$ cat model_32.cif   # mmCIF, C-alpha atoms
data_coords
loop_
_atom_site.label_atom_id
_atom_site.label_comp_id
_atom_site.auth_asym_id
_atom_site.auth_seq_id
_atom_site.Cartn_x
_atom_site.Cartn_y
_atom_site.Cartn_z
CA MET H 1 35.69 4.95 26.60
CA THR H 2 37.34 6.89 23.79
CA THR H 3 41.04 7.53 24.17
CA THR H 4 43.14 10.25 22.62
CA LEU H 5 44.79 7.58 20.46
CA ASP H 6 41.38 6.39 19.24
CA ARG H 7 40.45 9.92 18.26
CA ARG H 8 43.74 10.30 16.40
CA ARG H 9 43.18 7.01 14.56
CA ALA H 10 39.58 7.74 13.62
CA VAL H 11 38.66 9.09 10.20
CA PRO H 12 37.19 12.58 10.66
CA VAL H 13 33.49 12.57 9.96
CA VAL H 14 33.85 15.88 8.15
CA VAL H 15 36.19 14.23 5.68
CA LEU H 16 33.69 11.45 5.03
CA ALA H 17 30.84 13.92 4.61
CA LEU H 18 32.88 15.94 2.13
CA VAL H 19 33.86 12.81 0.21
CA ALA H 20 30.25 11.65 0.00
CA LEU H 21 29.07 15.12 -1.01
CA LEU H 22 31.70 15.48 -3.72
CA ALA H 23 30.95 11.97 -5.04
CA GLY H 24 27.26 12.80 -5.15
CA LEU H 25 27.78 16.12 -6.88
CA LEU H 26 30.12 14.51 -9.41
CA THR H 27 27.54 11.81 -10.05
CA MET H 28 24.80 14.33 -10.68
CA ALA H 29 27.06 16.35 -12.96
CA LEU H 30 28.11 13.43 -15.13
CA PRO H 31 26.07 11.17 -17.39
CA HIS H 32 25.99 7.79 -15.68
CA HIS H 33 24.33 5.38 -18.06
CA ASP H 34 26.03 4.20 -21.18
CA ALA H 35 22.67 3.58 -22.79
CA ASP H 36 21.29 7.01 -22.14
CA ALA H 37 24.31 9.08 -21.39
CA ALA H 38 23.27 11.63 -23.95
CA VAL H 39 19.63 11.85 -23.07
CA ALA H 40 17.62 13.11 -20.15
CA THR H 41 14.55 11.41 -18.81
CA HIS H 42 11.14 12.94 -18.47
CA GLY H 43 7.72 11.65 -17.72
CA SER H 44 4.86 10.87 -20.04
CA SER H 45 1.39 9.63 -19.33
CA HIS H 46 2.46 6.07 -20.18
CA GLY H 47 5.84 5.89 -18.53
CA GLN H 48 9.28 7.36 -18.70
CA THR H 49 10.65 8.55 -21.97
CA VAL H 50 14.01 9.92 -22.96
CA ARG H 51 14.38 13.31 -24.52
CA PRO H 52 16.17 12.88 -27.86
CA ALA H 53 19.58 14.43 -27.60
CA ASN H 54 21.32 13.99 -30.92
CA ALA H 55 20.36 14.19 -34.58
CA ALA H 56 19.77 10.45 -34.96
CA GLN H 57 17.55 10.30 -31.88
CA VAL H 58 15.60 13.40 -32.92
CA ALA H 59 15.03 11.98 -36.40
CA PHE H 60 13.79 8.66 -35.04
CA HIS H 61 11.60 10.38 -32.45
CA ASP H 62 10.05 12.53 -35.22
CA ASP H 63 9.63 9.58 -37.59
CA MET H 64 7.78 7.62 -34.91
CA ARG H 65 5.49 10.57 -34.23
CA LYS H 66 4.80 10.89 -37.97
CA LEU H 67 3.84 7.20 -38.19
CA TRP H 68 1.40 7.39 -35.31
CA GLU H 69 0.02 10.75 -36.36
CA ASP H 70 -0.64 9.10 -39.72
CA HIS H 71 -2.33 6.30 -37.83
CA VAL H 72 -4.86 8.54 -36.08
CA THR H 73 -5.23 10.93 -39.01
CA TRP H 74 -6.07 8.21 -41.52
CA THR H 75 -8.21 6.48 -38.93
CA ARG H 76 -10.19 9.71 -38.55
CA LEU H 77 -10.50 10.11 -42.31
CA ALA H 78 -11.62 6.49 -42.58
CA ILE H 79 -14.26 7.12 -39.92
CA VAL H 80 -15.41 10.37 -41.50
CA THR H 81 -15.61 8.93 -45.02
CA PHE H 82 -17.27 5.74 -43.77
CA ALA H 83 -19.93 7.82 -41.99
CA ALA H 84 -20.36 10.13 -45.01
CA ASP H 85 -20.73 7.18 -47.37
CA ALA H 86 -23.26 5.59 -45.01
CA ARG H 87 -25.30 8.79 -44.89
CA SER H 88 -25.21 9.37 -48.64
CA GLY H 89 -25.54 5.72 -49.58
CA ALA H 90 -22.48 6.03 -51.82
CA THR H 91 -21.04 2.73 -53.01
CA GLY H 92 -18.42 1.56 -55.49
CA LYS H 93 -16.39 4.33 -57.12
CA ALA H 94 -18.64 6.95 -55.54
CA ALA H 95 -17.61 5.88 -52.05
CA SER H 96 -14.75 7.81 -50.49
CA PHE H 97 -14.02 5.35 -47.69
CA PRO H 98 -11.95 2.75 -49.64
CA ALA H 99 -9.15 5.17 -50.54
CA SER H 100 -8.77 6.31 -46.93
CA ALA H 101 -8.93 2.72 -45.69
CA GLU H 102 -6.24 1.65 -48.14
CA ARG H 103 -3.95 4.43 -46.97
CA LEU H 104 -4.69 3.54 -43.35
CA LEU H 105 -3.75 -0.10 -43.94
CA ALA H 106 -0.51 1.01 -45.60
CA ASN H 107 0.31 2.90 -42.41
CA GLN H 108 0.19 -0.36 -40.45
CA VAL H 109 2.83 -1.75 -42.79
CA ASP H 110 4.92 1.39 -42.25
CA ILE H 111 4.72 0.98 -38.48
CA GLY H 112 5.72 -2.68 -38.67
CA ASP H 113 8.60 -1.77 -40.98
CA ALA H 114 9.80 0.87 -38.50
CA ILE H 115 10.63 -1.71 -35.85
CA LYS H 116 12.29 -4.21 -38.20
CA PRO H 117 15.79 -2.68 -37.93
CA PHE H 118 15.63 -3.32 -34.18
CA TYR H 119 13.44 -6.36 -33.58
CA GLY H 120 13.73 -8.12 -36.93
CA GLU H 121 11.66 -8.90 -40.00
CA GLU H 122 9.36 -11.38 -38.30
CA ALA H 123 8.55 -9.05 -35.41
CA GLY H 124 7.81 -6.22 -37.81
CA ASN H 125 5.47 -8.41 -39.83
CA THR H 126 3.76 -9.61 -36.68
CA LEU H 127 3.13 -6.05 -35.55
CA THR H 128 1.77 -5.16 -38.99
CA ALA H 129 -0.58 -8.16 -38.86
CA LEU H 130 -1.83 -7.21 -35.40
CA LEU H 131 -2.38 -3.59 -36.48
CA HIS H 132 -4.07 -4.77 -39.69
CA ASP H 133 -6.60 -6.61 -37.50
CA HIS H 134 -6.88 -3.49 -35.33
CA ILE H 135 -8.14 -1.62 -38.40
CA THR H 136 -10.32 -4.28 -40.01
CA ILE H 137 -12.10 -5.08 -36.75
CA ALA H 138 -12.75 -1.36 -36.25
CA VAL H 139 -14.43 -1.29 -39.64
CA GLU H 140 -16.58 -4.27 -38.57
CA ILE H 141 -17.62 -2.27 -35.51
CA MET H 142 -18.64 0.73 -37.62
CA GLN H 143 -20.51 -1.53 -40.02
CA ALA H 144 -22.36 -3.10 -37.10
CA VAL H 145 -23.33 0.38 -35.86
CA VAL H 146 -24.65 1.37 -39.29
CA ASN H 147 -26.52 -1.96 -39.57
CA LYS H 148 -27.83 -1.51 -36.01
CA ASP H 149 -26.63 -5.07 -35.32
CA ASP H 150 -26.02 -5.16 -31.58
CA GLU H 151 -24.77 -8.73 -31.55
CA ALA H 152 -22.23 -8.12 -34.28
CA PHE H 153 -21.19 -4.90 -32.53
CA ALA H 154 -20.58 -6.65 -29.20
CA HIS H 155 -18.71 -9.50 -30.86
CA ALA H 156 -16.48 -7.17 -32.89
CA LYS H 157 -15.87 -4.89 -29.93
CA ALA H 158 -14.72 -7.81 -27.77
CA ARG H 159 -12.35 -8.96 -30.49
CA TRP H 160 -11.08 -5.39 -30.95
CA TYR H 161 -10.13 -5.04 -27.30
CA ALA H 162 -8.57 -8.51 -27.27
CA ASN H 163 -6.50 -7.51 -30.28
CA SER H 164 -5.49 -4.36 -28.40
CA ASP H 165 -4.17 -6.50 -25.55
CA ASP H 166 -2.33 -8.65 -28.09
CA ILE H 167 -0.62 -5.57 -29.50
CA ALA H 168 0.29 -4.37 -26.01
CA ASP H 169 1.59 -7.81 -25.03
CA PHE H 170 3.64 -8.04 -28.20
CA LEU H 171 5.29 -4.69 -27.44
CA ALA H 172 5.81 -5.58 -23.77
CA ALA H 173 7.50 -8.84 -24.75
CA ALA H 174 9.78 -7.00 -27.17
CA ASN H 175 10.93 -4.41 -24.63
CA PRO H 176 9.63 -5.14 -21.11
CA LYS H 177 11.89 -2.58 -19.49
CA SER H 178 10.56 0.40 -21.41
CA TRP H 179 7.17 -0.96 -22.38
CA PRO H 180 5.77 -2.83 -19.36
CA GLN H 181 2.69 -4.87 -20.16
CA GLU H 182 0.38 -3.04 -17.77
CA SER H 183 1.30 0.38 -19.17
CA MET H 184 1.04 -0.74 -22.77
CA ARG H 185 -2.34 -2.37 -22.23
CA ALA H 186 -3.61 0.77 -20.53
CA ALA H 187 -2.30 2.97 -23.33
CA MET H 188 -3.83 0.80 -26.03
CA THR H 189 -7.15 0.59 -24.19
CA THR H 190 -7.25 4.38 -23.94
CA HIS H 191 -6.58 4.60 -27.67
CA LEU H 192 -9.47 2.25 -28.37
CA ASP H 193 -11.83 4.01 -25.96
CA GLN H 194 -11.05 7.36 -27.56
CA THR H 195 -11.40 6.07 -31.11
CA LEU H 196 -14.67 4.32 -30.32
CA THR H 197 -16.06 7.56 -28.91
CA GLU H 198 -14.86 9.47 -31.96
CA ALA H 199 -16.53 6.96 -34.32
CA ALA H 200 -19.75 6.95 -32.31
CA ASN H 201 -19.96 10.74 -32.39
CA GLU H 202 -19.14 10.93 -36.10
CA LEU H 203 -21.65 8.20 -37.02
CA GLY H 204 -24.22 9.84 -34.75
CA GLY H 205 -23.81 13.26 -36.39
CA GLN H 206 -22.12 14.84 -33.36
CA PHE H 207 -19.42 16.41 -35.51
CA ALA H 208 -18.12 19.00 -33.05
CA ALA H 209 -17.73 16.31 -30.41
CA SER H 210 -15.98 14.11 -32.95
CA VAL H 211 -13.47 16.89 -33.67
CA ALA H 212 -12.83 17.35 -29.95
CA ASP H 213 -12.36 13.58 -29.63
CA TYR H 214 -9.68 13.73 -32.29
CA ASP H 215 -7.73 16.37 -30.38
CA ALA H 216 -7.58 14.06 -27.38
CA ILE H 217 -6.65 11.11 -29.60
CA HIS H 218 -3.86 13.13 -31.20
CA ALA H 219 -2.35 14.14 -27.86
CA HIS H 220 -2.54 10.58 -26.57
CA ILE H 221 -0.96 9.01 -29.62
CA LEU H 222 1.98 11.44 -29.49
CA ASP H 223 2.63 10.27 -25.94
CA MET H 224 2.50 6.67 -27.11
CA ALA H 225 4.82 7.41 -30.02
CA ASP H 226 7.32 9.00 -27.62
CA VAL H 227 7.20 5.97 -25.34
CA LEU H 228 7.88 3.71 -28.32
CA SER H 229 10.71 5.76 -29.80
CA SER H 230 12.21 6.30 -26.36
CA GLY H 231 12.11 2.59 -25.59
CA ILE H 232 13.89 1.75 -28.82
CA ILE H 233 16.49 4.49 -28.32
CA GLN H 234 17.20 3.17 -24.83
CA ALA H 235 17.34 -0.45 -25.96
CA PHE H 236 19.51 0.17 -29.01
CA PRO H 237 21.72 3.17 -28.13
CA GLU H 238 24.44 2.04 -30.52
CA GLN H 239 22.12 2.66 -33.46
CA PHE H 240 21.60 6.30 -32.50
CA ARG H 241 25.15 7.59 -32.19
CA MET N 1 62.89 -17.56 12.48
CA HIS N 2 61.60 -21.09 12.47
CA LEU N 3 58.94 -21.87 9.93
CA SER N 4 56.65 -23.52 12.49
CA TYR N 5 56.70 -20.30 14.51
CA VAL N 6 55.49 -18.29 11.52
CA ALA N 7 52.77 -20.83 10.71
CA SER N 8 51.45 -20.88 14.25
CA ARG N 9 51.52 -17.10 14.68
CA PRO N 10 47.96 -15.77 15.21
CA ILE N 11 46.82 -13.52 12.40
CA VAL N 12 45.59 -10.92 14.86
CA ALA N 13 48.98 -10.42 16.37
CA GLY N 14 50.15 -6.80 16.28
CA PRO N 15 50.56 -5.34 12.81
CA PRO N 16 51.77 -1.74 12.73
CA THR N 17 49.04 0.67 13.77
CA VAL N 18 49.70 2.89 10.78
CA VAL N 19 48.57 0.05 8.47
CA ASN N 20 45.28 -0.21 10.31
CA VAL N 21 44.81 3.53 10.15
CA VAL N 22 45.41 3.50 6.40
CA LEU N 23 43.07 0.54 5.91
CA ARG N 24 40.41 2.24 8.02
CA HIS N 25 40.70 5.39 5.91
CA VAL N 26 40.44 3.39 2.69
CA VAL N 27 37.32 1.54 3.86
CA ALA N 28 35.63 4.65 5.23
CA VAL N 29 36.40 6.80 2.19
CA ALA N 30 35.34 4.03 -0.22
CA ALA N 31 32.07 3.61 1.66
CA ALA N 32 31.53 7.40 1.69
CA ILE N 33 32.11 7.54 -2.09
CA SER N 34 29.68 4.66 -2.57
CA ALA N 35 27.12 6.36 -0.36
CA GLY N 36 27.36 9.68 -2.18
CA VAL N 37 27.13 8.09 -5.62
CA HIS N 38 24.21 5.81 -4.76
CA VAL N 39 22.18 8.51 -3.06
CA ALA N 40 22.75 10.85 -5.99
CA LEU N 41 21.50 8.16 -8.37
CA VAL N 42 18.23 7.56 -6.50
CA PRO N 43 16.07 10.12 -8.37
CA ASP N 44 17.12 8.98 -11.84
CA HIS N 45 16.74 5.29 -11.05
CA TRP N 46 13.42 5.89 -9.35
CA ALA N 47 12.24 7.65 -12.49
CA GLU N 48 13.68 5.15 -14.95
CA GLY N 49 13.23 1.85 -13.13
CA GLY N 50 10.44 2.58 -10.69
CA PRO N 51 10.25 2.77 -6.90
CA THR N 52 11.86 -0.63 -6.33
CA LEU N 53 15.05 0.30 -8.14
CA GLY N 54 15.05 3.76 -6.59
CA LEU N 55 14.67 2.28 -3.10
CA ALA N 56 17.43 -0.24 -3.80
CA PHE N 57 19.80 2.63 -4.55
CA ALA N 58 18.63 4.49 -1.46
CA VAL N 59 19.21 1.42 0.72
CA ALA N 60 22.67 0.89 -0.81
CA GLY N 61 23.51 4.53 -0.18
CA VAL N 62 22.30 4.55 3.41
CA ALA N 63 24.03 1.23 4.17
CA ALA N 64 27.31 2.50 2.73
CA GLY N 65 26.97 5.74 4.67
CA ALA N 66 26.28 3.88 7.90
CA VAL N 67 29.26 1.57 7.59
CA ALA N 68 31.45 4.56 6.68
CA LEU N 69 30.45 6.22 9.94
CA PHE N 70 30.93 3.10 12.03
CA VAL N 71 34.14 1.85 10.48
CA ARG N 72 35.86 5.20 11.00
CA ARG N 73 36.21 4.52 14.74
CA PRO N 74 38.58 1.81 16.04
CA GLU N 75 36.19 0.87 18.86
CA HIS N 76 33.87 -0.73 16.28
CA ASP N 77 36.63 -2.92 14.85
CA VAL N 78 34.99 -6.07 16.17
CA TRP N 79 32.26 -5.89 13.55
CA ALA N 80 32.33 -2.70 11.49
CA PRO N 81 35.12 -3.62 9.05
CA LEU N 82 33.40 -6.90 8.26
CA ALA N 83 30.05 -5.15 7.83
CA ALA N 84 31.70 -2.60 5.54
CA ALA N 85 33.36 -5.35 3.53
CA ILE N 86 30.02 -7.14 3.11
CA VAL N 87 28.13 -3.99 2.09
CA LEU N 88 30.80 -2.91 -0.37
CA ALA N 89 31.25 -6.41 -1.79
CA ALA N 90 27.49 -6.72 -2.25
CA THR N 91 27.48 -3.41 -4.09
CA VAL N 92 30.33 -4.54 -6.32
CA LEU N 93 28.48 -7.77 -7.03
CA ALA N 94 25.26 -5.91 -7.83
CA TYR N 95 27.10 -3.66 -10.29
CA ALA N 96 28.77 -6.67 -11.93
CA LEU N 97 25.41 -8.42 -12.29
CA SER N 98 23.76 -5.26 -13.66
CA ARG N 99 26.39 -5.20 -16.41
CA THR N 100 26.29 -8.91 -17.25
CA VAL N 101 23.12 -10.90 -16.58
CA GLY N 102 20.95 -8.37 -14.75
CA VAL N 103 19.93 -8.10 -11.11
CA PRO N 104 16.96 -10.25 -10.05
CA TRP N 105 13.80 -8.18 -9.51
CA LEU N 106 15.64 -4.93 -10.25
CA ILE N 107 17.38 -4.87 -13.62
CA SER N 108 16.15 -7.30 -16.24
CA GLU N 109 18.33 -6.17 -19.11
CA PRO N 110 22.09 -5.80 -18.60
CA GLU N 111 23.49 -2.34 -19.20
CA GLY N 112 26.87 -1.34 -20.57
CA LEU N 113 29.84 -0.21 -18.50
CA ASP N 114 30.03 3.47 -17.62
CA PRO N 115 33.12 5.34 -16.38
CA LEU N 116 31.54 6.56 -13.15
CA GLY N 117 30.24 3.10 -12.31
CA VAL N 118 33.58 1.48 -13.00
CA LEU N 119 35.50 4.02 -10.90
CA THR N 120 33.04 3.70 -8.04
CA THR N 121 33.20 -0.07 -8.21
CA VAL N 122 37.01 -0.02 -8.13
CA ALA N 123 36.85 2.17 -5.00
CA GLU N 124 34.29 -0.20 -3.44
CA LEU N 125 36.46 -3.18 -4.28
CA PHE N 126 39.47 -1.56 -2.58
CA GLY N 127 37.23 -0.75 0.37
CA ALA N 128 35.89 -4.29 0.62
CA VAL N 129 39.37 -5.82 0.51
CA SER N 130 40.66 -3.28 3.02
CA GLY N 131 37.73 -4.07 5.28
CA LEU N 132 38.52 -7.76 5.15
CA LEU N 133 42.18 -7.08 5.89
CA LEU N 134 41.16 -4.88 8.79
CA THR N 135 39.17 -7.74 10.30
CA THR N 136 42.34 -9.85 10.47
CA ARG N 137 44.33 -7.16 12.26
CA LYS N 138 44.17 -5.73 15.73
CA ASP N 139 45.59 -2.52 17.12
CA PRO N 140 48.07 -2.90 19.94
CA ALA N 141 46.52 -2.31 23.31
#
$ encode --input "model_32.cif" --output "structure tokens"
Amino acid sequence: MTTTLDRRRAVPVVVLALVALLAGLLTMALPHHDADAAVATHGSSHGQTVRPANAAQVAFHDDMRKLWEDHVTWTRLAIVTFAADARSGATGKAASFPASAERLLANQVDIGDAIKPFYGEEAGNTLTALLHDHITIAVEIMQAVVNKDDEAFAHAKARWYANSDDIADFLAAANPKSWPQESMRAAMTTHLDQTLTEAANELGGQFAASVADYDAIHAHILDMADVLSSGIIQAFPEQFR
Amino acid sequence: MHLSYVASRPIVAGPPTVVNVVLRHVVAVAAAISAGVHVALVPDHWAEGGPTLGLAFAVAGVAAGAVALFVRRPEHDVWAPLAAAIVLAATVLAYALSRTVGVPWLISEPEGLDPLGVLTTVAELFGAVSGLLLTTRKDPA
């Protein structure tokens, strides 16, 4: 039974509700994470990313996009020139593929270098080595297609996808919170699937389809770049103040 | 007053009622603050850390809200202050772990201190201590 004294001693529920409401509103109004106090979260197809909120974050976000746009752009040019050379039979100095391939390989060094300030020299070199294999195995695949060598194609393709998992695992190990293994593997596999389709269409003379493939590749790689830059910004907030 | 009398005095023997009322208010308000903050943080943590982390914040918020409602009434003094102290202490511990070594299954990488988190934790700490004190006291009949 509730006595008058009990009622007088009790804390009014209205007071508690108001306190909880005010605390909640204050929480929503204030930034609450030291690491991402200045950034807001938003979704991407590969996970959560942070929206860059100051000049340093914007610059890094843009630099990362540039690196990965270079990656898909020079990959496309390598595919296109490889296919053109194969059709024309151009070799040596007449071939246009080597210049594009050289620039594409330089991009893998650039990407590795981009993570060195955060994960160290060795990690950057490891990523470059993995991406170097990503490119050279892709060339093996295209060569196998041109040679109509099914066995070589299957072998190279298997190694290419294994290398893709290695890249994803490397990234997941570096930053498991922002780059979970499952998401990174899925993102890398999509990148490979898309690029393989693009190469197949280009080598098969389906040029309009190849162009459409590139649009999808471009959109996907920008998502990936945002996940990567966002993960680094969240992991190393002190370097973006 | 003889020292043996003080030593043998039961800890539940009649402290002033006003102290209990103040302690009850501190516990209830601290739990209400904790509830409001944790519930408000659910969407962001769900988005950033996934459903598990989001649910953990929801559970913490609901638990804090429940103990706030129960501890506000003296008739629940048998168990509510202790329950409030446990919930609030667990929340304080979780925050401390999240800022030092991480929380198993929830937060793998420790985060830095943030003003809101620190203030909320201080309130929860006061609430937990007040809850414990309240368990050692009894209102006069």
$ resolve_selection --input "model_32.cif" --expression "the PyMOL selection byres ((chain N) within 9 of (chain H))" --output "ChimeraX atom specification"
/N:17-18,20-21,24-25,28-41,44,47-49,65,68-69,71-75,107-109,111-117
$ resolve_selection --input "model_32.cif" --expression "the PyMOL selection byres ((chain H and resi 102-114) around 12)" --output "PyMOL selection string"
chain H and resi 60-61+63-79+96-101+115-136+138-139+167+170-171+225+228-229+232
$ residues_around --input "model_32.cif" --residues "region 143-150 of chain H" --least-positions-apart "5" --cutoff "12 Å" --atoms "all atoms listed in the file" --output "CSV table (one decimal) with C-alpha atoms, in the coordinates of the input"
chain,number,residue,atom,x,y,z
H,79,ILE,CA,-14.3,7.1,-39.9
H,82,PHE,CA,-17.3,5.7,-43.8
H,83,ALA,CA,-19.9,7.8,-42.0
H,84,ALA,CA,-20.4,10.1,-45.0
H,85,ASP,CA,-20.7,7.2,-47.4
H,86,ALA,CA,-23.3,5.6,-45.0
H,87,ARG,CA,-25.3,8.8,-44.9
H,89,GLY,CA,-25.5,5.7,-49.6
H,136,THR,CA,-10.3,-4.3,-40.0
H,137,ILE,CA,-12.1,-5.1,-36.8
H,138,ALA,CA,-12.8,-1.4,-36.2
H,155,HIS,CA,-18.7,-9.5,-30.9
H,156,ALA,CA,-16.5,-7.2,-32.9
H,157,LYS,CA,-15.9,-4.9,-29.9
H,196,LEU,CA,-14.7,4.3,-30.3
H,199,ALA,CA,-16.5,7.0,-34.3
H,200,ALA,CA,-19.8,7.0,-32.3
H,201,ASN,CA,-20.0,10.7,-32.4
H,202,GLU,CA,-19.1,10.9,-36.1
H,203,LEU,CA,-21.6,8.2,-37.0
H,204,GLY,CA,-24.2,9.8,-34.8
$ residues_around --input "model_32.cif" --residues "Glu124 (chain N)" --least-positions-apart "5" --cutoff "10 Å" --atoms "all atoms listed in the file" --output "NGL selection string"
:N and (26-27 or 29-34 or 64 or 84-85 or 87-92 or 118-119 or 129-130)
$ atom_distance --input "model_32.cif" --atom1 "CA of Gly54 (chain N)" --atom2 "CA of Gly231 (chain H)"
19.3 Å
$ atom_distance --input "model_32.cif" --atom1 "CA of Val101 (chain N)" --atom2 "CA of Ala63 (chain N)"
24.1 Å
$ atom_distance --input "model_32.cif" --atom1 "CA of Val67 (chain N)" --atom2 "CA of Thr120 (chain N)"
16.2 Å
$ closest_residue --input "model_32.cif" --among "N:Trp105, N:Phe70, N:Trp79, N:Phe126" --to "Thr52 (chain N)" --atoms "only C-alpha atoms"
N:Trp105
$ closest_residue --input "model_32.cif" --among "N:Val78, N:Leu93, N:Leu53, N:Val59" --to "Gly131 (chain N)" --atoms "only C-alpha atoms"
N:Val78
$ closest_residue --input "model_32.cif" --among "H:Asp165, H:His220, H:Glu140, H:Pro180" --to "Ala152 (chain H)" --atoms "all atoms listed in the file"
H:Glu140
$ resolve_selection --input "model_32.cif" --expression "the PyMOL selection byres ((chain H and resi 189-192) around 9)" --output "PyMOL selection string"
chain H and resi 160-161+164-165+184-188+193-197+217+220-221
$ residues_around --input "model_32.cif" --residues "Leu133 (chain N)" --least-positions-apart "5" --cutoff "9 Å" --atoms "all atoms listed in the file" --output "PyMOL selection string"
chain N and resi 20+23+81+128
$ residues_around --input "model_32.cif" --residues "Phe240 (chain H)" --least-positions-apart "6" --cutoff "8 Å" --atoms "all atoms listed in the file" --output "list in words"
Asn54, Ala56, Gln57 and Ile233 of chain H
$ build_atoms --input "model_32.cif" --residues "region 70-82 of chain H" --atoms "N, CA, C and O atoms" --output "PDB file, in the coordinates of the input"
ATOM      1  N   ASP H  70       0.009   9.662 -38.539  1.00  0.00           N
ATOM      2  CA  ASP H  70      -0.640   9.100 -39.720  1.00  0.00           C
ATOM      3  C   ASP H  70      -1.739   8.112 -39.301  1.00  0.00           C
ATOM      4  O   ASP H  70      -2.823   8.072 -39.886  1.00  0.00           O
ATOM      5  N   HIS H  71      -1.391   7.322 -38.286  1.00  0.00           N
ATOM      6  CA  HIS H  71      -2.330   6.300 -37.830  1.00  0.00           C
ATOM      7  C   HIS H  71      -3.669   6.933 -37.402  1.00  0.00           C
ATOM      8  O   HIS H  71      -4.740   6.502 -37.838  1.00  0.00           O
ATOM      9  N   VAL H  72      -3.598   7.947 -36.565  1.00  0.00           N
ATOM     10  CA  VAL H  72      -4.860   8.540 -36.080  1.00  0.00           C
ATOM     11  C   VAL H  72      -5.505   9.435 -37.129  1.00  0.00           C
ATOM     12  O   VAL H  72      -6.730   9.558 -37.177  1.00  0.00           O
ATOM     13  N   THR H  73      -4.673  10.064 -37.958  1.00  0.00           N
ATOM     14  CA  THR H  73      -5.230  10.930 -39.010  1.00  0.00           C
ATOM     15  C   THR H  73      -6.011  10.113 -40.028  1.00  0.00           C
ATOM     16  O   THR H  73      -7.166  10.443 -40.374  1.00  0.00           O
ATOM     17  N   TRP H  74      -5.383   9.031 -40.516  1.00  0.00           N
ATOM     18  CA  TRP H  74      -6.070   8.210 -41.520  1.00  0.00           C
ATOM     19  C   TRP H  74      -7.213   7.403 -40.903  1.00  0.00           C
ATOM     20  O   TRP H  74      -8.187   7.090 -41.571  1.00  0.00           O
ATOM     21  N   THR H  75      -7.081   7.116 -39.619  1.00  0.00           N
ATOM     22  CA  THR H  75      -8.210   6.480 -38.930  1.00  0.00           C
ATOM     23  C   THR H  75      -9.390   7.447 -38.904  1.00  0.00           C
ATOM     24  O   THR H  75     -10.541   7.067 -39.193  1.00  0.00           O
ATOM     25  N   ARG H  76      -9.099   8.710 -38.583  1.00  0.00           N
ATOM     26  CA  ARG H  76     -10.190   9.710 -38.550  1.00  0.00           C
ATOM     27  C   ARG H  76     -10.812   9.855 -39.943  1.00  0.00           C
ATOM     28  O   ARG H  76     -12.044   9.918 -40.079  1.00  0.00           O
ATOM     29  N   LEU H  77      -9.954   9.953 -40.960  1.00  0.00           N
ATOM     30  CA  LEU H  77     -10.500  10.110 -42.310  1.00  0.00           C
ATOM     31  C   LEU H  77     -11.304   8.881 -42.716  1.00  0.00           C
ATOM     32  O   LEU H  77     -12.320   8.992 -43.414  1.00  0.00           O
ATOM     33  N   ALA H  78     -10.858   7.709 -42.285  1.00  0.00           N
ATOM     34  CA  ALA H  78     -11.620   6.490 -42.580  1.00  0.00           C
ATOM     35  C   ALA H  78     -12.991   6.547 -41.896  1.00  0.00           C
ATOM     36  O   ALA H  78     -14.018   6.190 -42.490  1.00  0.00           O
ATOM     37  N   ILE H  79     -12.989   6.997 -40.648  1.00  0.00           N
ATOM     38  CA  ILE H  79     -14.260   7.120 -39.920  1.00  0.00           C
ATOM     39  C   ILE H  79     -15.178   8.128 -40.594  1.00  0.00           C
ATOM     40  O   ILE H  79     -16.374   7.873 -40.823  1.00  0.00           O
ATOM     41  N   VAL H  80     -14.609   9.290 -40.908  1.00  0.00           N
ATOM     42  CA  VAL H  80     -15.410  10.370 -41.500  1.00  0.00           C
ATOM     43  C   VAL H  80     -15.974   9.939 -42.861  1.00  0.00           C
ATOM     44  O   VAL H  80     -17.175  10.164 -43.155  1.00  0.00           O
ATOM     45  N   THR H  81     -15.134   9.336 -43.689  1.00  0.00           N
ATOM     46  CA  THR H  81     -15.610   8.930 -45.020  1.00  0.00           C
ATOM     47  C   THR H  81     -16.589   7.765 -44.916  1.00  0.00           C
ATOM     48  O   THR H  81     -17.564   7.688 -45.675  1.00  0.00           O
ATOM     49  N   PHE H  82     -16.349   6.854 -43.965  1.00  0.00           N
ATOM     50  CA  PHE H  82     -17.270   5.740 -43.770  1.00  0.00           C
ATOM     51  C   PHE H  82     -18.657   6.278 -43.379  1.00  0.00           C
ATOM     52  O   PHE H  82     -19.693   5.852 -43.924  1.00  0.00           O
TER      53      PHE H  82
END
